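*Asks:* Have a peek at coords_3.txt (compact mmCIF, C-alpha atoms and all ligand atoms).
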```txt
# COMPACT_ATOMS: atom_id res chain seq x y z
CA MET A 1 -22.60 -0.88 -9.87
CA PRO A 2 -25.16 1.84 -10.82
CA ASP A 3 -24.14 4.70 -13.12
CA ALA A 4 -22.70 7.61 -11.16
CA HIS A 5 -25.09 10.58 -11.05
CA PRO A 6 -23.63 13.65 -12.84
CA HIS A 7 -23.87 15.67 -9.62
CA THR A 8 -21.82 13.04 -7.82
CA LEU A 9 -19.13 13.34 -10.48
CA ALA A 10 -19.11 17.14 -10.14
CA LEU A 11 -18.76 16.84 -6.36
CA VAL A 12 -15.87 14.41 -6.71
CA ALA A 13 -14.14 16.81 -9.12
CA LEU A 14 -14.68 19.72 -6.70
CA LEU A 15 -13.29 17.77 -3.72
CA GLY A 16 -10.30 16.80 -5.81
CA ALA A 17 -9.67 20.45 -6.69
CA LEU A 18 -9.94 21.48 -3.02
CA ALA A 19 -7.52 18.75 -1.97
CA GLY A 20 -5.11 20.01 -4.60
CA LEU A 21 -5.36 23.56 -3.25
CA ALA A 22 -4.78 22.38 0.31
CA ALA A 23 -1.68 20.47 -0.77
CA CYS A 24 -0.24 23.52 -2.55
CA ASP A 25 -0.85 26.03 0.24
CA ARG A 26 1.60 25.06 2.96
CA ARG A 27 1.00 28.18 5.02
CA PRO A 28 -0.68 27.25 8.31
CA GLY A 29 -3.63 29.27 9.62
CA PRO A 30 -3.34 31.59 12.62
CA GLY A 31 -2.43 29.73 15.79
CA GLU A 32 -1.64 26.51 13.94
CA PRO A 33 1.75 24.95 14.63
CA VAL A 34 4.33 25.43 11.90
CA ARG A 35 6.12 22.21 11.05
CA ILE A 36 9.81 22.33 10.23
CA THR A 37 11.80 19.26 9.27
CA VAL A 38 15.57 19.09 9.57
CA THR A 39 16.91 17.02 6.69
CA LYS A 40 20.39 16.71 5.24
CA ARG A 41 19.56 19.87 3.27
CA GLY A 42 18.92 21.79 6.48
CA PHE A 43 15.74 23.34 7.85
CA GLU A 44 12.74 22.76 5.59
CA PRO A 45 11.00 25.05 4.97
CA TRP A 46 13.86 27.42 5.73
CA LYS A 47 11.55 30.44 5.73
CA VAL A 48 8.26 30.67 7.62
CA GLN A 49 5.83 33.51 8.22
CA ALA A 50 4.63 34.79 11.58
CA ARG A 51 2.76 37.75 12.99
CA LYS A 52 4.00 40.26 15.53
CA ASP A 53 2.37 39.80 18.96
CA VAL A 54 0.73 36.52 17.88
CA PRO A 55 2.00 33.36 19.62
CA LEU A 56 3.97 31.14 17.27
CA THR A 57 4.50 27.43 17.72
CA LEU A 58 7.18 25.64 15.74
CA VAL A 59 7.22 21.86 15.72
CA VAL A 60 10.70 20.87 14.66
CA THR A 61 11.64 17.31 13.77
CA ARG A 62 15.17 16.31 12.91
CA THR A 63 15.10 13.33 10.58
CA THR A 64 18.78 12.87 9.78
CA ASP A 65 21.95 12.18 11.74
CA GLU A 66 24.12 13.18 8.78
CA THR A 67 24.54 16.86 9.59
CA CYS A 68 25.55 18.98 12.55
CA ALA A 69 22.05 20.50 12.75
CA LYS A 70 21.21 18.85 16.08
CA GLU A 71 20.15 22.05 17.76
CA LEU A 72 18.03 25.07 16.91
CA VAL A 73 19.62 28.31 18.07
CA LEU A 74 17.68 31.56 17.98
CA PRO A 75 20.00 34.09 19.63
CA GLU A 76 17.58 37.02 19.75
CA LEU A 77 15.22 35.03 21.98
CA GLY A 78 17.89 33.10 23.90
CA ILE A 79 16.66 29.79 22.47
CA HIS A 80 19.09 26.85 22.38
CA GLN A 81 16.81 23.93 21.63
CA PRO A 82 18.33 20.44 21.27
CA LEU A 83 16.73 18.42 18.47
CA PRO A 84 16.66 14.69 19.27
CA LEU A 85 16.49 12.46 16.22
CA ASN A 86 12.96 11.78 14.92
CA GLU A 87 11.29 13.45 17.90
CA PRO A 88 9.03 16.43 17.24
CA VAL A 89 10.15 19.28 19.48
CA THR A 90 7.89 22.24 20.19
CA VAL A 91 9.34 25.74 20.31
CA SER A 92 6.85 28.44 21.27
CA PHE A 93 7.26 32.19 21.57
CA THR A 94 5.56 35.43 20.63
CA PRO A 95 7.48 37.63 18.18
CA ALA A 96 7.68 41.09 19.75
CA ARG A 97 8.83 42.94 16.65
CA ALA A 98 8.30 42.83 12.91
CA GLY A 99 11.21 41.82 10.71
CA GLU A 100 13.41 38.79 10.32
CA LEU A 101 14.16 36.42 13.17
CA ARG A 102 17.15 34.31 12.21
CA TYR A 103 17.88 30.91 13.63
CA ALA A 104 20.53 28.34 12.84
CA CYS A 105 22.22 25.18 13.97
CA ALA A 106 24.80 25.51 16.76
CA MET A 107 27.59 26.11 14.22
CA ASN A 108 25.61 28.55 12.10
CA MET A 109 25.95 26.36 8.99
CA PHE A 110 22.27 25.68 8.43
CA GLN A 111 20.06 28.71 8.73
CA GLY A 112 16.44 29.64 8.71
CA VAL A 113 14.31 32.75 8.89
CA ILE A 114 11.05 33.57 10.58
CA GLU A 115 9.52 36.47 8.72
CA VAL A 116 7.46 38.50 11.17
CA ARG A 117 4.90 40.95 9.83
CU CU B 201 25.92 23.13 12.23
```
Reformat the file's structure so that it appears as structure tokens.
*Replies:*
Amino acid sequence: MPDAHPHTLALVALLGALAGLAACDRRPGPGEPVRITVTKRGFEPWKVQARKDVPLTLVVTRTTDETCAKELVLPELGIHQPLPLNEPVTVSFTPARAGELRYACAMNMFQGVIEVR
């Protein structure tokens, strides 16, 4: 194997740094679906950001049968979305006001917030 050129090494280091940044920044770009996983700890992440008047798509996947969080209820928007086990479910809407949109499981034990700016 030939010696690696110094520029190649620098490029590899740069790509590594970029990959690290991408892994740390979990905030999706505008229009990108926001992934939420329902684990035995509840909705993860429990807080997501959104923009007023910009369509928001949540992709919610319940990965545990151990809790009662088998539904996503967002009263302000009349959403009662069943969450089948291990099946990504898409919930789309456009926040019409800034502020906090609260959602929860059907029994209000596990909660989450969509922070609309
Ligand atoms: Cu519950």
*Asks:* Find the residues near ligand CU 201 (chain B). Use a cut-off of 6 Å, count only C-alpha atoms and all ligand atoms, and write them as a list in words.
*Replies:*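 Listed by chain and ascending number, the contacts are Cys68, Ala69, Cys105, Ala106, Met107, Asn108, Met109 and Phe110 of chain A.
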*Asks:* Can you measure CA of Arg102 (chain A) to CA of Glu115 (chain A) for me? One decimal in Å is fine.
*Replies:*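 Value for the CA of Arg102 (chain A)-CA of Glu115 (chain A) distance: 8.7 Å.
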*Asks:* Select, from A:Gly29, A:Leu72, A:Leu56, A:Arg62, the residue with the minimum atom-to-atom distance to Gln111 (chain A), counting all atoms listed in the file.
*Replies:*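 Once distances to Gln111 (chain A) are computed over all atoms listed in the file, the minimum belongs to A:Leu72.
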*Asks:* Determine, counting only C-alpha atoms, which protein, DNA and RNA residues have an atom within 9 Å of an atom of Pro33 (chain A); residues of the same chain fewer than 6 positions away are not included. Present the result as a PyMOL selection string.
*Replies:* chain A and resi 56-59+90
*Asks:* Separation of CA of Ala98 (chain A) and CA of Thr61 (chain A), in Å?
*Replies:*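 These two atoms are separated by 25.8 Å.
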*Asks:* Looking at A:Trp46, A:Thr64, A:Val34, A:Arg117, which one is nearest to Ala104 (chain A), with distances taken over all atoms listed in the file?
*Replies:*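 Checking each candidate against Ala104 (chain A), we get A:Trp46 as the closest.
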*Asks:* Suppose you want the space between CA of Arg35 (chain A) and CA of Arg97 (chain A); what is it in Å?
*Replies:*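 Those two atoms sit 21.6 Å apart.
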*Asks:* List the residues sitting within 12 Å of (24.2, 12.8, 8.5) in the file's frame, using all atoms listed in the file, as a ChimeraX atom specification.
*Replies:* /A:38-42,62-70,85
*Asks:* Could the residues in this selection be saved with C-alpha atoms as a compact mmCIF listing (two decimals), keeping the file's coordinate frame?
*Replies:*
```
# COMPACT_ATOMS: atom_id res chain seq x y z
CA VAL A 38 15.57 19.09 9.57
CA THR A 39 16.91 17.02 6.69
CA LYS A 40 20.39 16.71 5.24
CA ARG A 41 19.56 19.87 3.27
CA GLY A 42 18.92 21.79 6.48
CA ARG A 62 15.17 16.31 12.91
CA THR A 63 15.10 13.33 10.58
CA THR A 64 18.78 12.87 9.78
CA ASP A 65 21.95 12.18 11.74
CA GLU A 66 24.12 13.18 8.78
CA THR A 67 24.54 16.86 9.59
CA CYS A 68 25.55 18.98 12.55
CA ALA A 69 22.05 20.50 12.75
CA LYS A 70 21.21 18.85 16.08
CA LEU A 85 16.49 12.46 16.22
```
*Asks:* For Pro55 (chain A), which residue among A:Val116, A:Leu83, A:Val73, A:Val89 is the nearest when counting only C-alpha atoms?
*Replies:*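 Nearest to Pro55 (chain A): A:Val116.
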